[in-house]
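**Q** I am sharing run12.cif, which consists of mmCIF, C-alpha atoms:
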data_structure
#
loop_
_atom_site.label_atom_id
_atom_site.label_comp_id
_atom_site.auth_asym_id
_atom_site.auth_seq_id
_atom_site.Cartn_x
_atom_site.Cartn_y
_atom_site.Cartn_z
CA MET A 372 6.44 -14.79 -0.47
CA ASP A 373 4.62 -13.13 -3.35
CA PHE A 374 4.84 -9.62 -1.91
CA LEU A 375 8.66 -9.75 -2.08
CA SER A 376 8.82 -10.69 -5.77
CA GLY A 377 8.33 -7.19 -7.19
CA LEU A 378 11.04 -5.51 -5.10
CA ASN A 379 14.37 -4.34 -6.46
CA PRO A 380 17.52 -5.58 -4.65
CA GLU A 381 17.84 -2.53 -2.35
CA GLN A 382 14.15 -2.60 -1.44
CA ARG A 383 14.34 -6.31 -0.69
CA ALA A 384 17.43 -5.82 1.48
CA ALA A 385 15.61 -3.16 3.52
CA VAL A 386 12.45 -5.23 3.92
CA THR A 387 14.27 -8.39 5.07
CA LEU A 388 16.73 -6.82 7.52
CA PRO A 389 17.10 -8.79 10.75
CA GLU A 390 15.58 -7.47 13.99
CA GLN A 391 17.63 -4.31 14.40
CA SER A 392 17.35 -0.54 14.12
CA ALA A 393 17.94 0.79 10.62
CA LEU A 394 17.89 3.96 8.54
CA ILE A 395 16.53 3.72 5.01
CA LEU A 396 17.51 6.69 2.85
CA ALA A 397 14.69 6.75 0.33
CA GLY A 398 14.78 9.25 -2.51
CA ALA A 399 11.66 10.74 -4.07
CA GLY A 400 9.61 8.17 -6.00
CA SER A 401 11.80 5.27 -4.84
CA GLY A 402 8.97 3.24 -3.28
CA LYS A 403 9.51 4.07 0.38
CA THR A 404 5.86 3.53 1.33
CA ARG A 405 5.97 0.14 -0.35
CA VAL A 406 9.13 -0.74 1.57
CA LEU A 407 7.64 0.32 4.89
CA THR A 408 4.40 -1.58 4.31
CA THR A 409 6.15 -4.69 3.00
CA ARG A 410 8.53 -4.65 5.98
CA ILE A 411 5.51 -4.87 8.31
CA ALA A 412 3.99 -7.69 6.23
CA TRP A 413 7.32 -9.58 6.24
CA LEU A 414 7.76 -9.27 10.02
CA ILE A 415 4.25 -10.60 10.62
CA SER A 416 4.30 -13.35 7.97
CA THR A 417 7.65 -14.70 9.22
CA GLU A 418 6.18 -14.74 12.75
CA GLN A 419 8.83 -12.44 14.16
CA VAL A 420 6.11 -10.30 15.72
CA SER A 421 2.32 -10.14 15.91
CA PRO A 422 0.36 -7.08 14.71
CA HIS A 423 0.00 -6.10 18.40
CA GLY A 424 3.76 -5.67 18.63
CA ILE A 425 4.09 -3.10 15.84
CA LEU A 426 3.81 0.69 15.99
CA ALA A 427 3.81 2.44 12.59
CA VAL A 428 4.06 6.24 12.53
CA THR A 429 3.11 8.29 9.48
CA PHE A 430 2.80 12.03 8.91
CA THR A 431 -0.72 12.06 7.46
CA ASN A 432 -3.92 10.15 8.15
CA LYS A 433 -4.15 9.43 4.42
CA ALA A 434 -0.79 7.64 4.51
CA ALA A 435 -1.89 5.61 7.53
CA LYS A 436 -5.11 4.50 5.80
CA GLU A 437 -3.20 3.59 2.63
CA MET A 438 -0.76 1.50 4.68
CA LEU A 439 -3.60 -0.45 6.30
CA LEU A 440 -5.29 -1.03 2.94
CA ARG A 441 -2.07 -2.40 1.46
CA LEU A 442 -1.45 -4.64 4.46
CA SER A 443 -4.98 -6.00 4.29
CA ALA A 444 -4.35 -7.01 0.67
CA MET A 445 -0.99 -8.62 1.55
CA LEU A 446 -1.93 -10.58 4.65
CA PRO A 447 -4.85 -12.98 5.16
CA ILE A 448 -5.10 -12.06 8.85
CA ASN A 449 -6.75 -9.45 11.04
CA ILE A 450 -4.39 -6.51 11.47
CA ARG A 451 -6.64 -4.42 13.72
CA GLY A 452 -4.22 -4.83 16.63
CA LEU A 453 -1.56 -2.90 14.76
CA TRP A 454 -1.15 0.70 15.93
CA THR A 455 -0.69 2.98 12.95
CA GLY A 456 -1.27 6.70 12.63
CA THR A 457 0.25 10.16 12.90
CA PHE A 458 2.26 11.31 15.91
CA HIS A 459 -0.70 13.38 17.09
CA GLY A 460 -3.19 10.59 16.46
CA LEU A 461 -1.18 8.00 18.38
CA CYS A 462 -0.55 10.40 21.27
CA ASN A 463 -4.27 11.19 21.39
CA ARG A 464 -4.98 7.46 21.56
CA MET A 465 -2.60 6.99 24.50
CA LEU A 466 -3.91 10.02 26.36
CA ARG A 467 -7.52 8.86 25.93
CA ALA A 468 -6.57 5.51 27.45
CA HIS A 469 -4.61 7.08 30.33
CA TYR A 470 -6.34 10.42 30.83
CA ARG A 471 -6.23 10.21 34.63
CA GLU A 472 -2.47 9.63 34.72
CA ALA A 473 -2.10 12.49 32.20
CA MET A 474 -4.19 14.75 34.46
CA LEU A 475 -6.83 15.38 31.80
CA PRO A 476 -10.62 15.06 31.84
CA GLN A 477 -11.93 11.97 30.09
CA THR A 478 -13.67 14.10 27.47
CA PHE A 479 -10.81 16.52 26.78
CA GLN A 480 -11.16 18.38 23.49
CA ILE A 481 -8.50 19.23 20.90
CA LEU A 482 -8.03 22.78 19.65
CA ASP A 483 -7.15 23.18 16.00
CA SER A 484 -4.89 26.04 14.93
CA ALA A 485 -7.76 28.52 14.48
CA ASP A 486 -9.32 27.66 17.85
CA GLN A 487 -5.92 27.91 19.54
CA LEU A 488 -5.43 31.40 18.10
CA ALA A 489 -8.90 32.45 19.26
CA SER A 490 -8.13 31.12 22.73
CA ILE A 491 -4.89 33.13 22.86
CA LYS A 492 -6.65 36.31 21.74
CA ARG A 493 -9.28 35.85 24.43
CA LEU A 494 -6.61 35.32 27.08
CA MET A 495 -4.67 38.40 25.98
CA LYS A 496 -7.80 40.54 26.34
CA VAL A 497 -8.28 39.28 29.89
CA LEU A 498 -4.62 39.97 30.71
CA ASN A 499 -4.84 43.39 29.00
CA VAL A 500 -1.90 42.58 26.71
CA ASP A 501 -1.14 44.97 23.85
CA ASP A 502 -1.79 42.87 20.73
CA GLU A 503 0.28 45.23 18.57
CA LYS A 504 3.39 44.77 20.70
CA TYR A 505 2.61 41.07 21.17
CA PRO A 506 0.80 39.88 18.01
CA PRO A 507 -1.40 36.86 18.88
CA ARG A 508 -0.12 34.77 15.97
CA GLU A 509 3.47 35.39 17.06
CA ILE A 510 2.51 34.31 20.60
CA GLN A 511 0.90 31.19 19.11
CA ASN A 512 4.11 30.35 17.24
CA PHE A 513 6.16 31.03 20.38
CA ILE A 514 4.03 28.64 22.46
CA SER A 515 3.88 25.89 19.83
CA GLY A 516 7.57 26.22 18.97
CA ASN A 517 8.64 25.78 22.59
CA LYS A 518 6.28 22.86 23.15
CA GLU A 519 7.68 21.15 20.05
CA GLN A 520 11.11 21.47 21.63
CA GLY A 521 9.74 19.80 24.78
CA LEU A 522 9.72 22.98 26.88
CA ARG A 523 7.15 24.20 29.37
CA ALA A 524 6.85 27.92 30.18
CA HIS A 525 9.06 27.66 33.30
CA GLU A 526 11.79 26.00 31.24
CA VAL A 527 12.03 28.74 28.59
CA GLU A 528 15.01 31.04 29.05
CA ALA A 529 14.02 34.71 29.10
CA PHE A 530 16.86 37.25 29.06
CA ASP A 531 14.77 40.36 28.39
CA PRO A 532 11.42 41.87 29.50
CA TYR A 533 9.80 41.19 26.12
CA THR A 534 10.51 37.44 26.28
CA ARG A 535 9.57 37.30 29.96
CA ARG A 536 6.14 38.70 29.10
CA ARG A 537 5.71 36.10 26.36
CA VAL A 538 6.61 33.38 28.87
CA GLU A 539 3.98 34.76 31.27
CA ILE A 540 1.35 34.55 28.52
CA PHE A 541 2.54 31.00 27.74
CA ALA A 542 2.06 29.98 31.38
CA ALA A 543 -1.35 31.64 31.61
CA TYR A 544 -2.41 29.94 28.36
CA ASP A 545 -1.48 26.51 29.74
CA GLU A 546 -3.45 27.24 32.91
CA GLN A 547 -6.47 28.30 30.85
CA CYS A 548 -6.32 25.14 28.72
CA GLN A 549 -6.03 22.93 31.81
CA ARG A 550 -8.97 24.69 33.45
CA GLU A 551 -11.14 24.30 30.35
CA GLY A 552 -10.10 20.71 29.62
CA VAL A 553 -8.66 21.37 26.17
CA VAL A 554 -5.32 20.67 24.48
CA ASP A 555 -3.72 21.98 21.29
CA PHE A 556 -1.82 19.82 18.81
CA SER A 557 1.60 20.51 20.32
CA GLU A 558 0.24 19.72 23.77
CA LEU A 559 -0.89 16.26 22.63
CA LEU A 560 2.67 15.17 21.99
CA LEU A 561 4.24 17.01 24.92
CA ARG A 562 1.65 15.70 27.40
CA CYS A 563 2.09 12.14 26.10
CA TYR A 564 5.88 12.43 26.29
CA GLU A 565 5.69 13.70 29.88
CA LEU A 566 3.29 10.88 30.77
CA LEU A 567 5.69 8.21 29.52
CA ALA A 568 8.76 9.93 30.96
CA ARG A 569 7.44 10.11 34.54
CA ASN A 570 5.35 6.92 34.62
CA GLN A 571 7.82 4.02 34.54
CA PRO A 572 5.27 1.15 34.68
CA LEU A 573 3.32 2.64 31.78
CA ARG A 574 6.49 3.28 29.79
CA GLU A 575 7.70 -0.28 30.34
CA HIS A 576 4.28 -1.61 29.32
CA TYR A 577 4.48 0.07 25.90
CA GLN A 578 8.16 -0.78 25.48
CA ALA A 579 7.33 -4.43 26.08
CA ARG A 580 4.46 -4.27 23.62
CA PHE A 581 5.98 -2.40 20.66
CA ARG A 582 9.04 -4.44 19.70
CA HIS A 583 9.12 -2.90 16.23
CA ILE A 584 8.62 0.84 15.64
CA LEU A 585 8.50 2.00 12.01
CA VAL A 586 8.55 5.68 11.05
CA ASP A 587 7.76 7.26 7.68
CA GLU A 588 9.13 10.69 6.58
CA PHE A 589 11.66 10.58 9.41
CA GLN A 590 13.43 13.70 8.09
CA ASP A 591 10.42 15.78 9.16
CA THR A 592 10.48 14.76 12.84
CA ASN A 593 11.14 17.49 15.39
CA ARG A 594 13.10 17.24 18.62
CA LEU A 595 10.12 16.22 20.77
CA GLN A 596 8.89 13.60 18.32
CA TYR A 597 12.32 11.98 18.28
CA GLN A 598 12.49 12.00 22.10
CA TRP A 599 9.03 10.37 22.18
CA LEU A 600 10.23 7.64 19.81
CA LYS A 601 13.32 7.06 21.96
CA LEU A 602 11.16 6.61 25.06
CA LEU A 603 9.01 4.01 23.32
CA ALA A 604 11.97 2.19 21.79
CA GLY A 605 13.91 1.95 25.05
CA GLN A 606 17.08 -0.11 24.98
CA HIS A 607 15.90 -3.19 23.11
CA ASN A 608 13.26 -2.36 20.50
CA ALA A 609 14.04 -1.90 16.80
CA LEU A 610 13.46 1.52 15.22
CA PHE A 611 13.08 1.29 11.44
CA ALA A 612 13.20 4.84 10.03
CA VAL A 613 12.52 5.73 6.40
CA GLY A 614 13.36 9.24 5.23
CA ASP A 615 15.16 11.52 2.83
CA ASP A 616 17.40 14.30 4.10
CA ASP A 617 17.13 15.99 0.69
CA GLN A 618 13.39 16.47 1.23
CA SER A 619 13.57 18.08 4.66
CA ILE A 620 11.76 21.39 4.09
CA TYR A 621 9.91 21.86 7.38
CA ALA A 622 12.58 23.44 9.57
CA PHE A 623 10.24 26.42 10.01
CA ARG A 624 7.84 23.99 11.76
CA GLY A 625 10.55 22.60 14.01
CA ALA A 626 11.65 19.64 11.86
CA ASN A 627 15.23 18.64 12.57
CA VAL A 628 16.99 16.70 9.82
CA GLY A 629 19.81 16.17 12.33
CA ASN A 630 17.61 13.50 13.93
CA MET A 631 18.81 11.16 11.17
CA GLN A 632 22.41 11.53 12.34
CA GLU A 633 21.35 11.18 15.97
CA LEU A 634 19.44 8.01 15.13
CA THR A 635 22.54 6.34 13.75
CA ARG A 636 24.44 7.20 16.95
CA ASP A 637 21.74 6.64 19.58
CA PHE A 638 20.59 3.30 18.19
CA HIS A 639 24.00 2.08 16.96
CA VAL A 640 22.60 1.72 13.44
CA GLN A 641 24.70 -0.66 11.37
CA SER A 642 22.48 -0.71 8.30
CA VAL A 643 21.96 2.43 6.21
CA ILE A 644 20.31 1.36 2.96
CA LYS A 645 19.87 3.77 0.06
CA LEU A 646 16.88 3.53 -2.27
CA GLU A 647 18.02 5.43 -5.36
CA GLN A 648 16.00 3.95 -8.23
CA ASN A 649 13.18 6.37 -9.06
CA TYR A 650 9.88 5.08 -10.48
CA ARG A 651 8.14 8.43 -10.87
CA SER A 652 10.15 10.70 -13.18
CA HIS A 653 12.06 10.65 -16.44
CA GLY A 654 15.81 11.11 -16.69
CA ASN A 655 15.89 14.84 -17.51
CA ILE A 656 13.98 15.70 -14.35
CA LEU A 657 16.22 13.52 -12.18
CA ASP A 658 19.40 14.91 -13.74
CA ALA A 659 18.28 18.45 -13.00
CA ALA A 660 17.25 17.55 -9.45
CA ASN A 661 20.53 15.77 -8.74
CA ALA A 662 22.53 18.72 -10.09
CA LEU A 663 20.76 21.09 -7.68
CA ILE A 664 20.61 18.81 -4.63
CA LYS A 665 24.33 17.98 -4.71
CA ASN A 666 24.98 21.56 -3.51
CA ASN A 667 23.14 20.92 -0.22
CA ARG A 668 25.37 20.82 2.82
CA SER A 669 25.60 17.97 5.33
CA ARG A 670 23.93 15.45 3.02
CA LEU A 671 24.02 11.76 3.83
CA GLY A 672 24.30 11.34 0.07
CA LYS A 673 22.53 9.47 -2.73
CA ASN A 674 21.98 9.86 -6.47
CA LEU A 675 18.58 9.18 -8.02
CA TRP A 676 18.39 7.30 -11.31
CA THR A 677 15.72 5.71 -13.49
CA SER A 678 15.51 2.92 -16.02
CA GLU A 679 13.11 5.09 -18.06
CA ASN A 680 14.21 7.31 -20.95
CA LYS A 681 15.22 10.98 -20.66
CA GLY A 682 11.74 12.30 -21.46
CA GLU A 683 10.98 15.85 -22.60
CA PRO A 684 13.52 18.60 -21.87
CA ILE A 685 12.74 20.86 -18.93
CA ARG A 686 11.63 24.37 -19.92
CA VAL A 687 11.72 27.44 -17.70
CA TYR A 688 9.66 30.53 -18.45
CA GLU A 689 10.14 33.69 -16.38
CA ALA A 690 7.14 36.00 -16.79
CA PRO A 691 7.34 39.74 -16.13
CA THR A 692 3.96 39.75 -14.29
CA ASP A 693 1.56 37.29 -12.73
CA ALA A 694 -1.00 38.06 -15.45
CA GLU A 695 1.53 37.24 -18.17
CA GLU A 696 2.41 34.04 -16.33
CA ALA A 697 -1.29 33.05 -16.29
CA ARG A 698 -1.63 33.78 -20.02
CA PHE A 699 1.41 31.61 -20.73
CA ILE A 700 -0.13 28.73 -18.76
CA VAL A 701 -3.43 29.03 -20.63
CA ASP A 702 -1.70 29.17 -24.03
CA GLU A 703 0.32 26.04 -23.19
CA ALA A 704 -2.81 24.19 -22.07
CA ARG A 705 -4.72 25.12 -25.24
CA GLN A 706 -1.80 24.08 -27.47
CA LEU A 707 -1.53 20.70 -25.73
CA ASN A 708 -5.28 20.28 -26.10
CA ARG A 709 -5.03 20.95 -29.84
CA GLU A 710 -2.36 18.25 -30.00
CA GLY A 711 -4.85 15.72 -28.65
CA ILE A 712 -4.21 15.81 -24.90
CA HIS A 713 -7.39 16.07 -22.85
CA LEU A 714 -7.74 18.93 -20.37
CA ALA A 715 -8.48 16.35 -17.66
CA GLU A 716 -4.92 15.04 -18.12
CA MET A 717 -3.34 18.43 -17.31
CA ALA A 718 -2.65 19.99 -13.91
CA VAL A 719 -1.45 23.39 -12.79
CA LEU A 720 0.39 23.52 -9.47
CA TYR A 721 0.77 26.78 -7.60
CA ARG A 722 2.65 27.57 -4.41
CA SER A 723 -0.15 29.26 -2.46
CA ASN A 724 -3.93 29.60 -2.77
CA ALA A 725 -3.56 33.36 -3.31
CA GLN A 726 -2.08 32.67 -6.75
CA SER A 727 -5.15 30.86 -8.04
CA ARG A 728 -7.21 34.05 -8.64
CA VAL A 729 -5.09 35.32 -11.55
CA ILE A 730 -4.82 31.87 -13.11
CA GLU A 731 -8.56 31.23 -12.78
CA HIS A 732 -9.35 34.63 -14.32
CA ALA A 733 -7.18 33.78 -17.33
CA LEU A 734 -8.81 30.37 -17.73
CA VAL A 735 -12.33 31.83 -17.55
CA SER A 736 -11.45 34.58 -20.05
CA ALA A 737 -10.12 31.95 -22.47
CA GLY A 738 -13.14 29.69 -22.03
CA VAL A 739 -11.05 26.81 -20.66
CA ALA A 740 -12.94 24.51 -18.30
CA TYR A 741 -11.14 23.75 -15.04
CA ARG A 742 -11.62 22.45 -11.52
CA VAL A 743 -9.87 23.64 -8.35
CA TYR A 744 -8.88 20.94 -5.88
CA GLY A 745 -8.32 21.65 -2.20
CA GLY A 746 -10.04 24.28 -0.11
CA LEU A 747 -11.32 23.88 3.44
CA ARG A 748 -11.33 20.43 4.96
CA PHE A 749 -14.62 19.10 6.34
CA PHE A 750 -13.89 19.80 10.01
CA GLU A 751 -12.68 23.33 9.22
CA ARG A 752 -16.03 24.42 7.79
CA GLN A 753 -17.82 26.96 9.93
CA GLU A 754 -21.09 25.02 10.19
CA ILE A 755 -19.23 21.88 11.32
CA LYS A 756 -17.18 23.80 13.89
CA HIS A 757 -20.38 25.39 15.24
CA ALA A 758 -22.09 22.01 15.56
CA LEU A 759 -19.08 20.50 17.31
CA ALA A 760 -18.89 23.50 19.66
CA TYR A 761 -22.48 22.85 20.80
CA LEU A 762 -21.60 19.21 21.51
CA ARG A 763 -18.39 20.15 23.32
CA LEU A 764 -20.24 22.60 25.56
CA VAL A 765 -22.91 20.03 26.41
CA GLN A 766 -20.16 17.66 27.51
CA ASN A 767 -17.92 20.21 29.24
CA PHE A 768 -19.43 23.41 30.69
CA ASP A 769 -15.94 24.82 31.30
CA ASP A 770 -15.05 24.96 27.60
CA ASP A 771 -15.03 28.74 27.11
CA ASN A 772 -13.77 28.46 23.53
CA ALA A 773 -16.87 26.45 22.57
CA LEU A 774 -19.15 28.87 24.46
CA LEU A 775 -17.78 31.92 22.69
CA ARG A 776 -18.15 30.28 19.28
CA ILE A 777 -21.90 29.61 19.66
CA ILE A 778 -23.09 32.06 22.31
CA ASN A 779 -24.38 34.42 19.64
CA PHE A 780 -24.97 31.92 16.85
CA PRO A 781 -27.73 32.02 15.78
CA THR A 782 -27.91 35.74 16.64
CA ARG A 783 -29.38 36.26 20.12
CA GLY A 784 -28.58 39.94 20.65
CA ILE A 785 -25.76 39.18 23.06
CA GLY A 786 -23.27 42.03 23.04
CA ALA A 787 -19.49 42.01 23.13
CA HIS A 788 -19.42 43.04 26.83
CA TYR A 789 -21.18 39.88 27.95
CA ARG A 790 -19.07 37.70 25.65
CA THR A 791 -15.90 39.17 27.16
CA ILE A 792 -17.08 38.36 30.69
CA ALA A 793 -18.27 34.88 29.70
CA GLY A 794 -14.90 34.12 28.17
CA SER A 795 -12.85 35.47 31.05
CA GLY A 796 -12.55 32.13 32.77
CA ALA A 797 -14.49 33.45 35.76
CA ARG A 798 -17.11 31.14 37.20
CA ALA A 799 -18.77 33.83 39.31
CA LYS A 800 -21.66 36.10 38.37
CA CYS A 801 -21.90 37.51 34.86
CA GLN A 802 -23.82 40.43 33.46
CA PRO A 803 -27.48 39.53 32.82
CA VAL A 804 -28.63 38.77 29.32
CA ALA A 805 -31.71 40.47 27.94
CA GLY A 806 -34.65 38.24 28.70
CA SER A 807 -32.85 36.06 31.26
CA LYS A 808 -34.16 35.58 34.80
CA THR A 809 -30.76 35.47 36.46
CA GLY A 810 -27.37 37.10 36.26
CA GLU A 811 -25.63 33.74 36.46
CA ARG A 812 -23.99 32.20 33.46
CA GLN A 813 -26.64 30.46 31.38
CA ARG A 814 -26.05 26.79 30.65
#
Just give me the structure as structure tokens.
**A**
Amino acid sequence: MDFLSGLNPEQRAAVTLPEQSALILAGAGSGKTRVLTTRIAWLISTEQVSPHGILAVTFTNKAAKEMLLRLSAMLPINIRGLWTGTFHGLCNRMLRAHYREAMLPQTFQILDSADQLASIKRLMKVLNVDDEKYPPREIQNFISGNKEQGLRAHEVEAFDPYTRRRVEIFAAYDEQCQREGVVDFSELLLRCYELLARNQPLREHYQARFRHILVDEFQDTNRLQYQWLKLLAGQHNALFAVGDDDQSIYAFRGANVGNMQELTRDFHVQSVIKLEQNYRSHGNILDAANALIKNNRSRLGKNLWTSENKGEPIRVYEAPTDAEEARFIVDEARQLNREGIHLAEMAVLYRSNAQSRVIEHALVSAGVAYRVYGGLRFFERQEIKHALAYLRLVQNFDDDNALLRIINFPTRGIGAHYRTIAGSGARAKCQPVAGSKTGERQR
């Protein structure tokens, strides 16, 4: 098979493993996406499974699209039957197909993080909750954090009045979402997990279908995501997990690197293959990275290496101020440009968007042309969210979040008092709007 010819021995061993659960420890730049994609192509081309029998889980939609593009180039067959996507995307797909069993309306809407926060703020006003004592964003993190651990409000332990009040808000929030026919991102996974856990025929249907489950970036899975995977895998399906415990940096979002250890126990993993050859960096970078990473505790262990040369030495510059740091960056860029390197071949990475202002100011002052990449995604733009809110409200009159977004956009002279009543969840009479013929809620 041509697609196996370019693999190194460790990559080939991972791709051609027999039908069994496995953990692939893949270091940075070691070709893990290639291994995952080629594993799928090998399973299909050797007729061990059809595309319908494969579930591939990624952490970004971009990774899922890239995987499908690569597979299309590898295999001369239709791979549309293959389920591939993010945890949230796949759960959304299941819930859309089984909305009745999940106790959701057919046209349920998904709240993004900003809409979820707005919904919580609206609820707290109705409940007359002090938003200084109970900051809405903290409540949002409390709700999402518990859901990502697989916990409903009644399952959260509350040993003090402060936590008990947060649990009450959590319960009221869930009731509000159910009433309005909306779900947040954490709810997608929790609702799908609960659906499979309590519905044995449905669970057995998907277990019989997905004989091979492949997971990318496994180190970033949280407790609920791992439990969801276990439900789908059952007792007989193969779970092929690719991850790197040295790159687990999302503990603050609930990621549990311990899932890698649990996987080896729960699925009786006999094959742990390490991909250590790096194709991305020169030797000096890898040596420095290895020297730092070896101090991490509870590592499964690996040592990255490259067949490339050492490359340029690593330099560290500690600036006294952010302005001095920006000037240093600009001076370096101009020097490299004088040496013949085009500006388009240089990139400046910064940790947060707030840091770009000082750097941009320095670039403008020095007359250095630049382009900023990133910013708001398409569906986060205000005009797009307004348009979608109109469509959501047309489809579901109970969607208070959508109503409050567009009720005064364009400006209609509707005051805050009416908006508060309209967003209270009450379906009774509301205060009349100037110019309206009735005191009932206008639809």
**Q** Please tell me which residues are no farther than 12 Å from (13.3, 17.1, -23.5) in the file, counting only C-alpha atoms, and write them as a ChimeraX atom specification.
**A** /A:653-656,658-659,680-687
**Q** Using all atoms listed in the file, can you tell me which of A:Glu503, A:Glu731, A:Asp769, A:Glu381 comes closest to Glu551 (chain A)?
**A**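 The closest residue to Glu551 (chain A) is A:Asp769.
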**Q** Where does the PyMOL selection byres ((chain A and resi 560) around 8) land in this file, that is, which residues does it pick, as a PyMOL selection string?
**A** chain A and resi 458-459+462+556-559+561-564+595-596+599
**Q** Got a sec to resolve the PyMOL selection byres ((chain A and resi 734-745) around 10) on this structure and send the residues as a list in words?
**A** Ala697, Arg698, Ile700, Val701, Asp702, Ala704, Arg705, Leu714, Ala715, Met717, Ala718, Val719, Asn724, Ser727, Arg728, Val729, Ile730, Glu731, His732, Ala733, Gly746, Leu747 and Arg748 of chain A
**Q** I want to know what sits within 9 Å of Phe374 (chain A), based on all atoms listed in the file, with residues of the same chain fewer than 5 positions away left out; could you give that as a list in words?
**A**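 In the requested format, the answer is Thr409, Ala412, Trp413 and Met445 of chain A.
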**Q** Residues at most 6 Å from region 615-621 of chain A, counting all atoms listed in the file, excluding those fewer than 6 positions away in the same chain, as a list in words?
**A**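 The filter keeps Leu396, Ala397, Gly398, Gln590 and Asp591 of chain A.
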**Q** Excluding same-chain residues fewer than 5 positions from region 757-767 of chain A, what lies within 12 Å of it counting all atoms listed in the file, as a ChimeraX atom specification?
**A** /A:476-482,486,550-553,749-752,772-781,813-814
**Q** How would region 410-421 of chain A look written as a CSV table (one decimal), in the first residue's frame with N, CA and C atoms?
**A**
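Below you can see decode_0.csv, which holds the result:
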chain,number,residue,atom,x,y,z
A,410,ARG,N,-4.1,5.1,9.8
A,410,ARG,CA,-4.7,4.0,10.5
A,410,ARG,C,-6.1,3.7,10.0
A,411,ILE,N,-6.9,4.8,9.8
A,411,ILE,CA,-8.3,4.7,9.3
A,411,ILE,C,-8.2,4.1,7.9
A,412,ALA,N,-7.3,4.7,7.0
A,412,ALA,CA,-7.2,4.2,5.6
A,412,ALA,C,-6.8,2.7,5.6
A,413,TRP,N,-5.9,2.3,6.5
A,413,TRP,CA,-5.4,0.9,6.5
A,413,TRP,C,-6.6,0.0,6.9
A,414,LEU,N,-7.3,0.4,7.9
A,414,LEU,CA,-8.5,-0.5,8.4
A,414,LEU,C,-9.5,-0.7,7.3
A,415,ILE,N,-9.8,0.4,6.5
A,415,ILE,CA,-10.7,0.3,5.5
A,415,ILE,C,-10.2,-0.5,4.3
A,416,SER,N,-9.0,-0.2,3.9
A,416,SER,CA,-8.4,-0.8,2.7
A,416,SER,C,-8.1,-2.3,2.9
A,417,THR,N,-7.9,-2.7,4.1
A,417,THR,CA,-7.7,-4.1,4.4
A,417,THR,C,-9.0,-4.8,4.7
A,418,GLU,N,-10.1,-4.1,4.5
A,418,GLU,CA,-11.5,-4.6,4.7
A,418,GLU,C,-11.7,-5.2,6.1
A,419,GLN,N,-11.1,-4.6,7.1
A,419,GLN,CA,-11.4,-4.9,8.5
A,419,GLN,C,-12.6,-4.3,9.0
A,420,VAL,N,-13.0,-3.1,8.3
A,420,VAL,CA,-14.2,-2.4,8.7
A,420,VAL,C,-14.5,-1.4,7.6
A,421,SER,N,-15.8,-1.1,7.5
A,421,SER,CA,-16.3,-0.2,6.5
A,421,SER,C,-16.2,1.2,7.1
